[in-house]
Structures are given as C-alpha cells and as structure tokens.
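Enquirer: There's a structure below that I have some questions on.
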Amino acid sequence: MKFDSIIIGGGIAGYTAGLRSLEAGLKTAIISNGQSALHFSSGSIDLLSHTPTGKIIRNPAAIFDKFTDEFPSHPYSKVGKDTVFESLVWYKNLLTTAGIPLLQQDNGDNHLRITPLGTLKSTWLSQPYVQQLPMRLNEHVIKRIVVVQIDDFRDFNAKMVTDNLIQIPEFNDVEITHTSVAIDGFSGLKRNACELRSIDIARILSNESEVEALATKLSEIATPNDLVILPAITGNGMGLSVLNKLHALTNLTFHEVPTMPPSMLGIRLEETMIDLFIKRGGMLLKGDQVTHGDMAENYSSNNSNGELTLKRIYTRNLETMPLTADNYIFASGSFFNKGLIAHHDKLQEPVFNLDMNSLEARSTWYNPQFFAANSQPFLSLGIKTNHNFNPMLKGKVVKNLFCAGSNLGGYDPIAEGCGSGVAISTGYHAANQLLQNTKNSQSQHITSNNLA
Amino acid sequence: MGKVTRFNTEVLIVGGGATGTSIMRDCALRGITCILLDKGDIASGTTGRNHGLLHSGARYAVTDSESARECIQENKILKHIARHCIEDTSGLFITLPEDDLDFQGTFINACASAGIDTQRLTPQQAIDLEPNVNRSLLGAVRVPDGTLDPFRLCASNVLDAKNHGAQLLTYSMVQSLLRIGDRIIGAKCINTRTNEQFEVYAQEIINAAGIWGKNICHYADLNVQMLPAKGSLLVFEHRINDLVINRCRKPADADILVPGDSISLIGTTSEEIDYKNIDALKTSEKEVNILIEEGAKLAPILAQTRVLRAYAGVRPLVDVGGGDGRNISRGIVLLDHEQRDGLAGFSSILGGKLMTSRLMAEMTTDLIASKLGNTSGCTTHLQQLPGSVVNKDNKPQKTVFTTKAATHRHGETAVATFDQSTKGKSIVCECEMVSVGEIEYAIKQLDVTNLVDLRRRTRLGMGSCQGELCTYRASSLFCDFANCSGNESSKLLMQFFEERWKGIKPVLFGDALREAEFTYWLYEGLFGATDINKLGEKQQDKEYYEI
C-alpha cells in the first residue's frame, strides 16, 4: 500500500499530524497500537507551565522568546514561536468545530484547574466545564465550593478534594463542603469494583431520565452561586451534551475534575480526533504496530555523514506486505507506549533503532524520591533529532522521517507542563515539514519533466 | 510539663518481628501480661524481608545439622498451627550439569539423619511436577519445603495474643531503659507518629529487636556484637514456579526460587554491611544482575519475566565469642543478662530464623516464666492460630473470589466477621482480590495505620499493578474506617508510592519503568500529588518566570 504520508502512532501528536496532512490533501494513514495516554489525561491542553528550572510561567506567549533563548534544546525552540501558537490555534479551532470547544483566558495567560487530589495545576486550553481559575488566584470570585461524591464510585474521592482545597490560603474565605449523591441506575452494578468505572457511569447517564434524576439531586445540594465540582463521568462524544443538559436543568456552575482512569475528559479528545480523521478520508490501521522498516542510503556530496531515506515499513498484522510513503511521521510515544524501551543496560528505540539523546547509565534515569521536586530524569529521555526533528541512525539523518510527541527527548512533559503543547506543535510542525518535502519533490519532478 | 502516660505490665517485648510476636503470643497463652513495642509496623524489619520459605531443613542438612533438625520440627508444627500462612508446595533440590551429582547422595543421607523425608526424582519426574524448572537438570530430590507468609504469621500471633489480653504498640520506639541499680525496670518510649512520650514499667524486658537489638543492649550499657549481612531478593510479576526450587549443592547466592501467592521470589545475595547502614539498605545493580543470571539457571523463564521490585533484609548474625568476629552464630542466641552480665530484668533473644521463631519464643518464655514464677507450660505448638482453624462443617457455598483470597489470608473465622453488605463485598484491589470488608477488618482489627501496613496484612498493591489504581481507592477507606482527613489520606497515598519507589529504583527498566512512568503521569501529571506538601503556600509567594 502506498501513501503520501504515514503516521506511526495514534496519540495526540499522531492525530494532529494526520489531520494536518489530510487537510493539505495528502493520502494519509495512521498506524495506532491501541489506546493512547489521553485515557489518563486531563483533557486540557498544557502549553508551558514551568521552566525546566521550576519557575512558574503565567503567560507563555509573553516569555516565549526569553524561554527559547535560555533553553535552546527544548522542542519549542526548534519549532519556533510562530508555529507553536499557530498550531494551537489550529487545534483549538479544529476541536471546537468538531463539538469540543477548547477555551482559554482572553489575555493568553495559563489558568489553574482543580485536580482530583484538590491541588491546582496550570494549563492553557480547557473544555467548557473545566472552571478556569486565574493564575493570580487571589482574584478568584468563588464564594462556595460543593464537591460531589457519587455514592459507591471509588475512583473519585470528594473528601480528599475538599480537605486539600481548604488548605489553599486563597480559599480561606470560601466555604468548601462535600456531599454525596446516589445514581439510581447503579443498583444493578455495585457488586464489583471493575463494574464501577467512570465509563460505566457515563453509560448510565446516556439515559435521559437518569440525567434528570441527577439534576434534581444536584439542585438540592447546591445553588447557582456555588462552584459544583463533579467527577468527569459523562461520556465520550455525548459527554458535553449531558453536561449541557445538567446545566440547563439546574443552572449550576460545574467544574469537571478527571477521575482515576479511564479519564472521560481525555477520551473525549481522542475519540473526536479519530472521528475527524476517518470522516476526512484518513486510513486508520487500529490495533496494528510497526515492527521495522527498510532504509536506503543517499549519496550526497554536501553531507559527509550520508543521509538515509525510509523506504518502507512493516507491521505486525500485514507481516510481509510493506507500507510505503514519501514521508513518515514517527509519533510512537514514550516508554509506557513502547515507543521507547529501557533495557537493564541501555535505552532503545525499538522500531528503527534510532539514536537516543542519552547514553547515560540506568542510575541516572531516576531521582531518589518518587515525587521529587525536580521530577524524574527518565521523562526527558528520547530520540535524538536535528533542528527539523529528523532522527538519526548511527549518526546518519533519516530525511523523510520526522519525530513528534513524547518519543522526543529534551523536555519534561509533566514538570514543565508542556506535554500536550509539545505533542500538538511537533505533530503540526512535522506535517508542515512533510508538506514542504512533498512540494520540493513535486517541483523537482516538474523540473525534470520539463527538461525531458 | 504534660503528664507522661505510664503502662504497667509483667513483660515488655521490644520488637514486632516473627520472634517478638511469637513471644507475645506465648506469654499471653500462659497468662503472663505483656506489651509489645515496635518502632515501625509489625513484620517491617528482617521478618518481612526474606524469601518467606517454609524450610524443610534440607538446605542446612549437610552444613548445619542442628538447624536442619530445628527446621523440620518447626515445619511440622507450623503446618498445624499456621495452616493459613502456609502453602504446602513441597520443594525440589535440583542438580544442574555444572553441579556434582555425587552431592545428591550426601544430601539425601544428611536429610535422613535430620529426620527430613526425601524422594529422589528422575529429571522427567521433576519436569512433570514443575514444568518451568531448568530442563537440562541431571536429577532432583523432593523435600517438604513450602512457603510461609511472614506478615500473616505475625498478624495472627498478635491477634491471638490480643485475644488473650496482650497489648500492641506499633510505631513506638524505645529511647532509653529505666534502671534501678542492677535491675532494668522499664523503658522510656516515644510514639514516632505523634511524638508523644510514654513509659512502660515491666518486671521483665525482652529484647527481640533482631539486628536492632544491639542498640537496645547499648541502652543497658551491654555490649553485644552483631554482624549485619544484607541479603537482596527480586520479586517477579508471575508465579513462575509452583514448587520451591533449590540447587542441590552447598548454599550459595541466588539459589532459592520461591512461589508466593501470585508472584515468585529469587534470592538471596549476601554481603556484610556496616552496622550504621542497617536502616538504609540498597540493592545494587550488580546484585540485580546476579539474581537474574543465577535465578535463570533454576527456571530459565525467569529471565523473560518482568521484575516487579527488589528488596533487601539484614540477617541478624551474632558474635557469641569475644567480639573478634571468630565465633559467629547463625543459630538461636538467648542471653539471660542477669546471669551473663549481672543485670536483672533484661534478656535478649537474638539470631535464629523465621522458621525457628516459635521455638525461640518458647525458649525465651520458658526463661521468663521461671523468673516470674509462672508454671504454665508452653502450648504454642499445640494451639492453632486464629486463621488456621478449619471449619469442619463443610456446607455447600457460593464461591466468591474475594472470600476465597481473604480466607487464605486471614482464615475462615475472621472472614466470617467481614462486612457482607454490597459495599463490604466490593473489590478494591483486583490483582490480589482485596475487598472493602477485608480492608475494614485490617484497619480496625490488625493495627493498620497506613497503606504500607495494609499491604503487609492484605497484599493490597503487591500484584502486577503495584498498587497504582487500588491504593487510591484504599486510601479513601482510611477516611471511612480510621477517621483520617482527606489531607491525611492523600499523604498516605504518597507515602505508599515513596516506599514502593525504594524497591523499584534498582530494577527501573523494562516494564517496571513503563509502570513507573504511568504512575508518575497519573499521580503527578493528572493528580498533582507533589503539591500536597505545598498547599499552604500562597500563589503570589512562589517564584515566577517573567520578562
């Protein structure tokens, strides 16, 4: 099978690249091996919350140039400010059109979201029912917070949220309480914890009468002046419409907080991107995995190291039938997704054996404390790339392969609060580079035709 | 000055390992009042940091016949009194091509003279019994080895002792001994969780603190030389063997593979360490490599099995000679300090093994009882522990997986008291099938104060997910059953992952790294756990990155 572009990896970076590639009219395939990290994500888009040195960033656009000067090896420094912001606006519009509005602060500031532990995390774009608390938290206008516990649902604990929120000094004057609410449709399901995940509740709440019953109960415990914290228990595609309905019935202000996996907020993003990709004519090879590829060496006088071209790739399901494309985007994820493999003596990129950004021994991959102030070094490990995000194989650049997302090294998605921002901007950037490559080869093609 | 709480008792036992809790039970059964103190949780020292092997004694038969005899005797007793802590798997001693097959004869003879039953197997018979054994073996001998859950054993000892009037104080550390002339009369202690000080007055104090016992003796100005030897082990994700597998040769590194519930364990290495490092044990990368390499010789599939974590314990070896290190005992050392040092009211029980803990308790309690004038005999070898009693009334019943797992852990009597409501029966830990009711029982009845204690009592979080999802659910139950605030329960959660991290760091590669990344994404990326310790800081006081 022959494509213009093949994207290896079905996470946020892969779908961003795939959708961008389709938009440019290219014949595009995505090969995705199962669920992505979005299944345990907040469903908000983090752009840049902290510097690698731990300082808090209020407004990413305002400090961007200073940041890229100071941290030149960060992926954002390679993508560049214009493309980073262009890609996020593009992503925001794309998802909004598809029914998941992503909202931000008017002045471009980050905002704070409430976590399932009752702490605060900074992010940049959030879904409509995630209340955006200001970075200057003392400017908040909340009077009372009611945290809702769903009876017998153990993947969200309202008491934890409440008792921790109370300790935040800026909430000194806010009354914070928690109260529990029963969902009637549960009764048949309660016996086993595996039957009581967020997604099971979402299924129950796809029934209108259950939503109405819940609305009645919520109206009894809160008033429109309160901020009502709800675990994210409304579904996939229809999730927002259930919340719209709850809001219409109660006139309450909701703040959706993610639960233990599966996280409905993240799943909403993933499913929307998959839908868009298929509707727009992309080819999705789901549940398949790229095993290896064939590279060919290009002899070029201006590059003494030599360059490589990825000719074709092979997958687990298609076995001996290779897939070919002019360009490939490699968005295979990090260790968890098996985009990177840690052996006891070395790191490896398992598909093409690409060069890694670190050869240090295992003892440097971690910090003594798990919840260390300076995070965990293994999060910054990844594939070594040039300024165009082309990876290298034994020092030779693979010029039609572009890396994107969390298989890249040189940044810490969690501590810096930039995981989804890097995924979107590098995915978008990779697709742009690929378009450039395609245009170049087309114009070469035209030139040689003319000469003939 | 606030009032210092005072306790009065006949016997104060210091150390809540297998030995200490066995003494507690022995005293209680003889009608001697006692209090047991531990600076941490029960079974949190060496007791909980070994193979959990129910030795037949075969391992010692050739080199140490006295230990071998003690082991087989206690093996039989434990199978009777602690049925619920034991899995009677039997064990293989295999001879590999690089081993001397002649040793097998010596081994079988030595076992016979120690009273250990053996059965010589052909390689094919061994493979039929244990398909994952190294198939290049030349021969094997089957012995009555098994597995022994040290956490469950200690918890049952405590439960039985408490039923007979004894008292347990965990997270309580001795700070000094109270002395009048040539007699120790009590101990000054501190609760390490609340920092409250208290005093315990006792007629007899028993030092059963294992390797930490040297410090306790030091408080009495007595010099006892202990030589700490570290042993590291690895835990594997699957139960790769059903029988214990040993090498049929003289004991060496990494030559015992023990199944345990849903996992397998390989150990141990042996390395003398400095006494000052006994609380900061680390498993080195080199040890990890040795354990995998040598372990794969017993069962080659081990090399392809995910390592869940590493841990290390300290063998409490005692120098019973002049302190010059020449006369080191691996056996039981009971020191009557009145006789040895002229200091009354104080004894130490040191050395020994998990296998001989009941015997050590019997010897110690005999000594103390005679000092107290108590003439009741020891019955700990006859009376079954609470979970071990079998209900003879075998009615047909519905199988509930959690009940089955919990019965295995706590015995029928305890499980019958669990909350049987829908909430009580719902599952919290799916890897180890732990229900809400079992957690309630552990928190209320088994002195569980945090998630790490809970793991020791119930195995919650010991399975393949390493507690990543279930500990969150379990932490909220501390709000329900232990009156924890939400803030306290979130700190319990972090404490659990920090404790877990100690064992994961040495094996941070492969799937262990994948799991760690997932855990970090979840608890830090999604949940913002690190900020739990910074909740009181005002946002405006933090450090900002501006132009």
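Please note that chains go A, B, ... in the order of the structure tokens, that every chain numbers its residues from 1, and that ligands are numbered from 1 in the order shown.
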How would you write, as a PyMOL selection string, the set of residues in segment 23-85 of chain A that DSSP gives as strand (DSSP E)?

Expert: chain A and resi 28-32+56-57

Enquirer: Would you kindly return, as JSON, numbers by chain, each protein, DNA or RNA residue with an atom no farther than 10 Å from any atom of Ser65 of chain B, considering only C-alpha atoms and excluding same-chain residues fewer than 6 positions away?

Expert: {"B": [57, 58, 59, 71, 110, 111, 113, 114]}

Enquirer: Mind checking which residues fall within 7 Å of segment 532-542 of chain B, counting only C-alpha atoms, ignoring those fewer than 6 positions away in the same chain, and posting them as a list of chain:residue names?

Expert: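 The filter keeps A:Thr119, A:Leu137, A:Gln167, A:Ile168, A:Pro169, A:Glu170.
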
Enquirer: Dump N, CA and C atoms for the selected residues as a short mmCIF file (atom, residue, chain, number, x, y, z; two decimals), in the first residue's frame?

Expert:
data_model
loop_
_atom_site.label_atom_id
_atom_site.label_comp_id
_atom_site.auth_asym_id
_atom_site.auth_seq_id
_atom_site.Cartn_x
_atom_site.Cartn_y
_atom_site.Cartn_z
N THR A 119 -5.50 19.69 44.52
CA THR A 119 -4.40 20.64 44.29
C THR A 119 -4.74 21.39 43.01
N LEU A 137 -4.42 33.87 41.81
CA LEU A 137 -5.54 33.14 42.40
C LEU A 137 -6.38 34.00 43.35
N GLN A 167 -7.05 23.92 52.45
CA GLN A 167 -5.74 24.39 52.94
C GLN A 167 -5.10 25.44 52.05
N ILE A 168 -5.68 25.71 50.90
CA ILE A 168 -5.09 26.71 49.99
C ILE A 168 -5.44 28.10 50.52
N PRO A 169 -4.43 28.92 50.84
CA PRO A 169 -4.68 30.20 51.53
C PRO A 169 -5.68 31.10 50.79
N GLU A 170 -5.62 31.09 49.45
CA GLU A 170 -6.52 31.96 48.68
C GLU A 170 -7.98 31.54 48.82
#

Enquirer: Against chain B, which residues of chain A fall within 7 Å? For each one I want the closest pair of atoms and the distance in Å (one decimal), counting only C-alpha atoms, rows by chain and increasing residue number, as JSON lines.

Expert:
{"residue": "A:Phe40", "atom": "CA", "partner": "B:Leu522", "partner_atom": "CA", "distance": 6.6}
{"residue": "A:Ser41", "atom": "CA", "partner": "B:Leu526", "partner_atom": "CA", "distance": 6.1}
{"residue": "A:Ser42", "atom": "CA", "partner": "B:Leu526", "partner_atom": "CA", "distance": 6.0}
{"residue": "A:Lys55", "atom": "CA", "partner": "B:Tyr544", "partner_atom": "CA", "distance": 5.1}
{"residue": "A:Ile56", "atom": "CA", "partner": "B:Tyr544", "partner_atom": "CA", "distance": 4.5}
{"residue": "A:Ile57", "atom": "CA", "partner": "B:Tyr545", "partner_atom": "CA", "distance": 5.3}
{"residue": "A:Ile63", "atom": "CA", "partner": "B:Ile547", "partner_atom": "CA", "distance": 5.9}
{"residue": "A:Thr115", "atom": "CA", "partner": "B:Phe527", "partner_atom": "CA", "distance": 5.2}
{"residue": "A:Pro116", "atom": "CA", "partner": "B:Phe527", "partner_atom": "CA", "distance": 5.5}
{"residue": "A:Leu117", "atom": "CA", "partner": "B:Phe527", "partner_atom": "CA", "distance": 5.7}
{"residue": "A:Thr119", "atom": "CA", "partner": "B:Gly528", "partner_atom": "CA", "distance": 6.1}
{"residue": "A:Lys121", "atom": "CA", "partner": "B:Gly528", "partner_atom": "CA", "distance": 6.6}
{"residue": "A:Leu137", "atom": "CA", "partner": "B:Gln539", "partner_atom": "CA", "distance": 6.7}
{"residue": "A:Arg154", "atom": "CA", "partner": "B:Arg473", "partner_atom": "CA", "distance": 5.5}
{"residue": "A:Asp155", "atom": "CA", "partner": "B:Arg473", "partner_atom": "CA", "distance": 6.3}
{"residue": "A:Asn157", "atom": "CA", "partner": "B:Ser476", "partner_atom": "CA", "distance": 6.6}
{"residue": "A:Lys159", "atom": "CA", "partner": "B:Gly486", "partner_atom": "CA", "distance": 5.1}
{"residue": "A:Met160", "atom": "CA", "partner": "B:Gly486", "partner_atom": "CA", "distance": 3.8}
{"residue": "A:Asp163", "atom": "CA", "partner": "B:Gly486", "partner_atom": "CA", "distance": 5.1}
{"residue": "A:Asn164", "atom": "CA", "partner": "B:Asn487", "partner_atom": "CA", "distance": 5.4}
{"residue": "A:Gln167", "atom": "CA", "partner": "B:Gly536", "partner_atom": "CA", "distance": 5.8}
{"residue": "A:Ile168", "atom": "CA", "partner": "B:Leu535", "partner_atom": "CA", "distance": 5.3}
{"residue": "A:Pro169", "atom": "CA", "partner": "B:Lys538", "partner_atom": "CA", "distance": 5.9}
{"residue": "A:Glu170", "atom": "CA", "partner": "B:Lys538", "partner_atom": "CA", "distance": 6.8}
{"residue": "A:Lys190", "atom": "CA", "partner": "B:Thr422", "partner_atom": "CA", "distance": 6.7}
{"residue": "A:Arg191", "atom": "CA", "partner": "B:Ser426", "partner_atom": "CA", "distance": 5.3}
{"residue": "A:Asn192", "atom": "CA", "partner": "B:Ser426", "partner_atom": "CA", "distance": 4.9}
{"residue": "A:Ala193", "atom": "CA", "partner": "B:Ile427", "partner_atom": "CA", "distance": 5.0}
{"residue": "A:Phe335", "atom": "CA", "partner": "B:Arg514", "partner_atom": "CA", "distance": 5.3}
{"residue": "A:Phe336", "atom": "CA", "partner": "B:Arg514", "partner_atom": "CA", "distance": 4.4}
{"residue": "A:Ile341", "atom": "CA", "partner": "B:Gly510", "partner_atom": "CA", "distance": 6.5}
{"residue": "A:Ala342", "atom": "CA", "partner": "B:Phe509", "partner_atom": "CA", "distance": 5.0}
{"residue": "A:His343", "atom": "CA", "partner": "B:Phe509", "partner_atom": "CA", "distance": 5.5}
{"residue": "A:His344", "atom": "CA", "partner": "B:Phe509", "partner_atom": "CA", "distance": 5.4}
{"residue": "A:Gln369", "atom": "CA", "partner": "B:Glu498", "partner_atom": "CA", "distance": 6.5}
{"residue": "A:Phe370", "atom": "CA", "partner": "B:Glu498", "partner_atom": "CA", "distance": 5.6}
{"residue": "A:Phe371", "atom": "CA", "partner": "B:Thr530", "partner_atom": "CA", "distance": 5.7}
{"residue": "A:Ile414", "atom": "CA", "partner": "B:Gly525", "partner_atom": "CA", "distance": 5.4}

Enquirer: Store the residues of this selection in a file with N, CA and C atoms, as a tab-separated table (two decimals), in the first residue's frame.

Expert:
chain	number	residue	atom	x	y	z
A	40	PHE	N	-5.55	8.65	30.27
A	40	PHE	CA	-5.32	9.09	31.65
A	40	PHE	C	-4.81	10.52	31.66
A	41	SER	N	-5.47	11.35	30.84
A	41	SER	CA	-5.04	12.75	30.80
A	41	SER	C	-6.19	13.65	31.25
A	42	SER	N	-5.86	14.91	31.47
A	42	SER	CA	-6.84	15.86	32.00
A	42	SER	C	-7.79	16.35	30.92
A	55	LYS	N	10.55	27.49	37.65
A	55	LYS	CA	9.81	28.75	37.85
A	55	LYS	C	8.46	28.69	37.15
A	56	ILE	N	7.48	29.39	37.75
A	56	ILE	CA	6.11	29.34	37.22
A	56	ILE	C	5.96	30.32	36.06
A	57	ILE	N	5.28	29.87	35.02
A	57	ILE	CA	5.03	30.74	33.86
A	57	ILE	C	3.56	31.15	33.87
A	63	ILE	N	6.66	35.22	27.59
A	63	ILE	CA	8.05	34.86	27.92
A	63	ILE	C	8.68	33.94	26.87
A	115	THR	N	-7.36	19.59	40.63
A	115	THR	CA	-7.02	18.19	40.36
A	115	THR	C	-7.87	17.26	41.24
A	116	PRO	N	-7.84	15.97	40.95
A	116	PRO	CA	-8.60	15.00	41.77
A	116	PRO	C	-8.09	14.90	43.21
A	117	LEU	N	-6.90	15.47	43.48
A	117	LEU	CA	-6.43	15.48	44.87
A	117	LEU	C	-6.75	16.81	45.55
A	119	THR	N	-5.50	19.69	44.52
A	119	THR	CA	-4.40	20.64	44.29
A	119	THR	C	-4.74	21.39	43.01
A	121	LYS	N	-3.42	22.76	39.14
A	121	LYS	CA	-2.44	22.56	38.07
A	121	LYS	C	-2.67	23.61	37.01
A	137	LEU	N	-4.42	33.87	41.81
A	137	LEU	CA	-5.54	33.14	42.40
A	137	LEU	C	-6.38	34.00	43.35
A	154	ARG	N	-15.57	4.68	43.57
A	154	ARG	CA	-14.35	4.83	44.35
A	154	ARG	C	-13.19	5.47	43.58
A	155	ASP	N	-13.42	5.79	42.30
A	155	ASP	CA	-12.33	6.37	41.51
A	155	ASP	C	-12.28	7.89	41.59
A	157	ASN	N	-12.57	10.81	44.97
A	157	ASN	CA	-12.83	10.96	46.39
A	157	ASN	C	-13.04	12.43	46.76
A	159	LYS	N	-13.87	13.85	49.53
A	159	LYS	CA	-13.33	14.30	50.81
A	159	LYS	C	-11.87	14.74	50.66
A	160	MET	N	-11.13	13.98	49.85
A	160	MET	CA	-9.74	14.35	49.58
A	160	MET	C	-9.67	15.72	48.92
A	163	ASP	N	-10.74	18.48	51.62
A	163	ASP	CA	-9.80	18.74	52.72
A	163	ASP	C	-8.50	19.35	52.23
A	164	ASN	N	-8.12	19.08	51.00
A	164	ASN	CA	-6.91	19.71	50.47
A	164	ASN	C	-7.18	21.12	49.95
A	167	GLN	N	-7.05	23.92	52.45
A	167	GLN	CA	-5.74	24.39	52.94
A	167	GLN	C	-5.10	25.44	52.05
A	168	ILE	N	-5.68	25.71	50.90
A	168	ILE	CA	-5.09	26.71	49.99
A	168	ILE	C	-5.44	28.10	50.52
A	169	PRO	N	-4.43	28.92	50.84
A	169	PRO	CA	-4.68	30.20	51.53
A	169	PRO	C	-5.68	31.10	50.79
A	170	GLU	N	-5.62	31.09	49.45
A	170	GLU	CA	-6.52	31.96	48.68
A	170	GLU	C	-7.98	31.54	48.82
A	190	LYS	N	-23.38	-2.70	41.49
A	190	LYS	CA	-22.48	-2.36	42.60
A	190	LYS	C	-21.52	-3.43	43.10
A	191	ARG	N	-21.74	-4.67	42.76
A	191	ARG	CA	-21.03	-5.72	43.46
A	191	ARG	C	-19.51	-5.67	43.28
A	192	ASN	N	-19.08	-5.23	42.14
A	192	ASN	CA	-17.69	-5.42	41.78
A	192	ASN	C	-17.08	-4.10	41.33
A	193	ALA	N	-15.90	-3.80	41.89
A	193	ALA	CA	-15.28	-2.51	41.56
A	193	ALA	C	-15.03	-2.38	40.07
A	335	PHE	N	8.00	5.47	26.96
A	335	PHE	CA	8.19	4.10	27.47
A	335	PHE	C	6.85	3.39	27.64
A	336	PHE	N	5.90	4.09	28.25
A	336	PHE	CA	4.62	3.46	28.52
A	336	PHE	C	3.98	2.91	27.25
A	341	ILE	N	12.19	1.84	24.72
A	341	ILE	CA	12.35	0.67	25.57
A	341	ILE	C	13.60	0.87	26.43
A	342	ALA	N	13.45	0.59	27.71
A	342	ALA	CA	14.62	0.65	28.60
A	342	ALA	C	15.04	-0.78	28.90
A	343	HIS	N	16.27	-1.12	28.49
A	343	HIS	CA	16.83	-2.41	28.89
A	343	HIS	C	17.67	-2.19	30.13
A	344	HIS	N	18.10	-3.27	30.77
A	344	HIS	CA	18.83	-3.02	32.01
A	344	HIS	C	20.15	-2.31	31.77
A	369	GLN	N	13.77	10.31	45.37
A	369	GLN	CA	12.37	10.40	45.78
A	369	GLN	C	11.49	10.21	44.56
A	370	PHE	N	10.33	9.58	44.74
A	370	PHE	CA	9.44	9.40	43.60
A	370	PHE	C	8.80	10.74	43.22
A	371	PHE	N	8.20	11.41	44.23
A	371	PHE	CA	7.61	12.72	43.96
A	371	PHE	C	8.68	13.78	44.24
A	414	ILE	N	5.76	16.65	32.16
A	414	ILE	CA	4.98	16.81	33.39
A	414	ILE	C	5.47	18.01	34.19

Enquirer: Within 7 Å of Leu265 of chain B, counting only C-alpha atoms, which residues qualify if same-chain residues fewer than 4 places away don't, as number ranges by chain?

Expert: B: 51, 233-236, 257-259

Enquirer: Just write the chosen residues, N, CA and C atoms, as a PDB file, in the first residue's frame.

Expert:
ATOM      1  N   HIS B  51      12.759 -14.659  51.970  1.00  0.00           N
ATOM      2  CA  HIS B  51      12.045 -15.436  50.960  1.00  0.00           C
ATOM      3  C   HIS B  51      10.615 -15.805  51.339  1.00  0.00           C
ATOM      4  N   LEU B 233      16.700  -9.600  47.342  1.00  0.00           N
ATOM      5  CA  LEU B 233      15.807 -10.500  46.602  1.00  0.00           C
ATOM      6  C   LEU B 233      15.072  -9.721  45.510  1.00  0.00           C
ATOM      7  N   LEU B 234      14.604 -10.441  44.505  1.00  0.00           N
ATOM      8  CA  LEU B 234      13.771  -9.833  43.469  1.00  0.00           C
ATOM      9  C   LEU B 234      12.399 -10.494  43.460  1.00  0.00           C
ATOM     10  N   VAL B 235      11.373  -9.681  43.199  1.00  0.00           N
ATOM     11  CA  VAL B 235      10.012 -10.188  43.077  1.00  0.00           C
ATOM     12  C   VAL B 235       9.630 -10.159  41.604  1.00  0.00           C
ATOM     13  N   PHE B 236       9.078 -11.275  41.113  1.00  0.00           N
ATOM     14  CA  PHE B 236       8.660 -11.350  39.713  1.00  0.00           C
ATOM     15  C   PHE B 236       7.148 -11.254  39.593  1.00  0.00           C
ATOM     16  N   LEU B 257      14.357 -20.269  44.606  1.00  0.00           N
ATOM     17  CA  LEU B 257      13.244 -19.623  43.914  1.00  0.00           C
ATOM     18  C   LEU B 257      11.959 -20.083  44.589  1.00  0.00           C
ATOM     19  N   VAL B 258      11.241 -19.107  45.175  1.00  0.00           N
ATOM     20  CA  VAL B 258      10.080 -19.448  45.999  1.00  0.00           C
ATOM     21  C   VAL B 258       8.811 -18.841  45.386  1.00  0.00           C
ATOM     22  N   PRO B 259       7.762 -19.642  45.198  1.00  0.00           N
ATOM     23  CA  PRO B 259       6.491 -19.052  44.762  1.00  0.00           C
ATOM     24  C   PRO B 259       5.804 -18.427  45.964  1.00  0.00           C
TER      25      PRO B 259
END

Enquirer: Do a neighbour search on segment 31-36 of chain B at 6 Å with only C-alpha atoms, toss out local chain neighbours closer than 5 positions, and write the hits as a list in words.

Expert: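 Residues meeting the cut-off are Thr9, Glu10, Val11, Leu12, Ile13, Val14, Ala166, Gln167 and Leu168 of chain B.
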
Enquirer: Would you write out those residues with N, CA and C atoms, as a CSV table (one decimal), in the first residue's frame?

Expert:
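To be explicit, this is the file written out as out_39.csv:
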chain,number,residue,atom,x,y,z
B,9,THR,N,3.1,-3.6,83.2
B,9,THR,CA,2.9,-4.9,82.7
B,9,THR,C,3.9,-5.9,83.3
B,10,GLU,N,3.7,-7.2,83.1
B,10,GLU,CA,4.7,-8.1,83.6
B,10,GLU,C,5.9,-8.2,82.7
B,11,VAL,N,5.6,-8.2,81.4
B,11,VAL,CA,6.7,-8.4,80.4
B,11,VAL,C,6.5,-7.3,79.3
B,12,LEU,N,7.6,-6.7,79.0
B,12,LEU,CA,7.7,-5.8,77.8
B,12,LEU,C,8.6,-6.5,76.8
B,13,ILE,N,8.0,-6.6,75.6
B,13,ILE,CA,8.8,-7.2,74.5
B,13,ILE,C,9.1,-6.1,73.5
B,14,VAL,N,10.4,-6.0,73.1
B,14,VAL,CA,10.8,-5.0,72.2
B,14,VAL,C,11.1,-5.6,70.9
B,166,ALA,N,-3.1,-9.5,75.6
B,166,ALA,CA,-1.8,-8.7,75.4
B,166,ALA,C,-2.1,-7.4,74.7
B,167,GLN,N,-1.1,-6.5,74.7
B,167,GLN,CA,-1.3,-5.2,74.1
B,167,GLN,C,-0.2,-4.9,73.1
B,168,LEU,N,-0.5,-4.3,72.0
B,168,LEU,CA,0.5,-4.0,70.9
B,168,LEU,C,0.6,-2.5,70.8

Enquirer: Counting only C-alpha atoms, what is within 10 Å of Leu340 of chain A, bar same-chain residues fewer than 2 positions away, as a list in words?

Expert: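 My list of contacting residues is Ser332, Gly333, Ser334, Phe335, Phe336, Asn337, Lys338, Ala342, His343, Leu347, Gln348, Glu349, Pro350, Val351, Asn353, Met356, Leu381, Gly382, Ile383, Ser406, Asn407 and Leu408 of chain A; Gly510 and Arg514 of chain B.
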
Enquirer: Please dump the current selection as a CSV table (one decimal), in the first residue's frame; keep C-alpha atoms.

Expert:
chain,number,residue,atom,x,y,z
A,332,SER,CA,5.3,6.4,18.8
A,333,GLY,CA,5.1,7.7,22.4
A,334,SER,CA,7.4,7.1,25.3
A,335,PHE,CA,8.2,4.1,27.5
A,336,PHE,CA,4.6,3.5,28.5
A,337,ASN,CA,3.5,3.3,24.9
A,338,LYS,CA,6.6,1.2,24.0
A,342,ALA,CA,14.6,0.6,28.6
A,343,HIS,CA,16.8,-2.4,28.9
A,347,LEU,CA,17.9,2.6,26.0
A,348,GLN,CA,16.5,1.7,22.7
A,349,GLU,CA,14.1,2.9,20.1
A,350,PRO,CA,12.6,-0.4,19.2
A,351,VAL,CA,11.3,0.1,15.6
A,353,ASN,CA,16.9,1.5,16.4
A,356,MET,CA,18.9,8.2,21.6
A,381,LEU,CA,14.9,10.7,27.6
A,382,GLY,CA,14.1,10.3,24.0
A,383,ILE,CA,15.1,10.1,20.4
A,406,SER,CA,6.7,12.1,23.6
A,407,ASN,CA,9.3,9.9,21.9
A,408,LEU,CA,11.3,13.2,21.6
B,510,GLY,CA,11.6,-2.8,31.0
B,514,ARG,CA,6.8,1.7,32.0
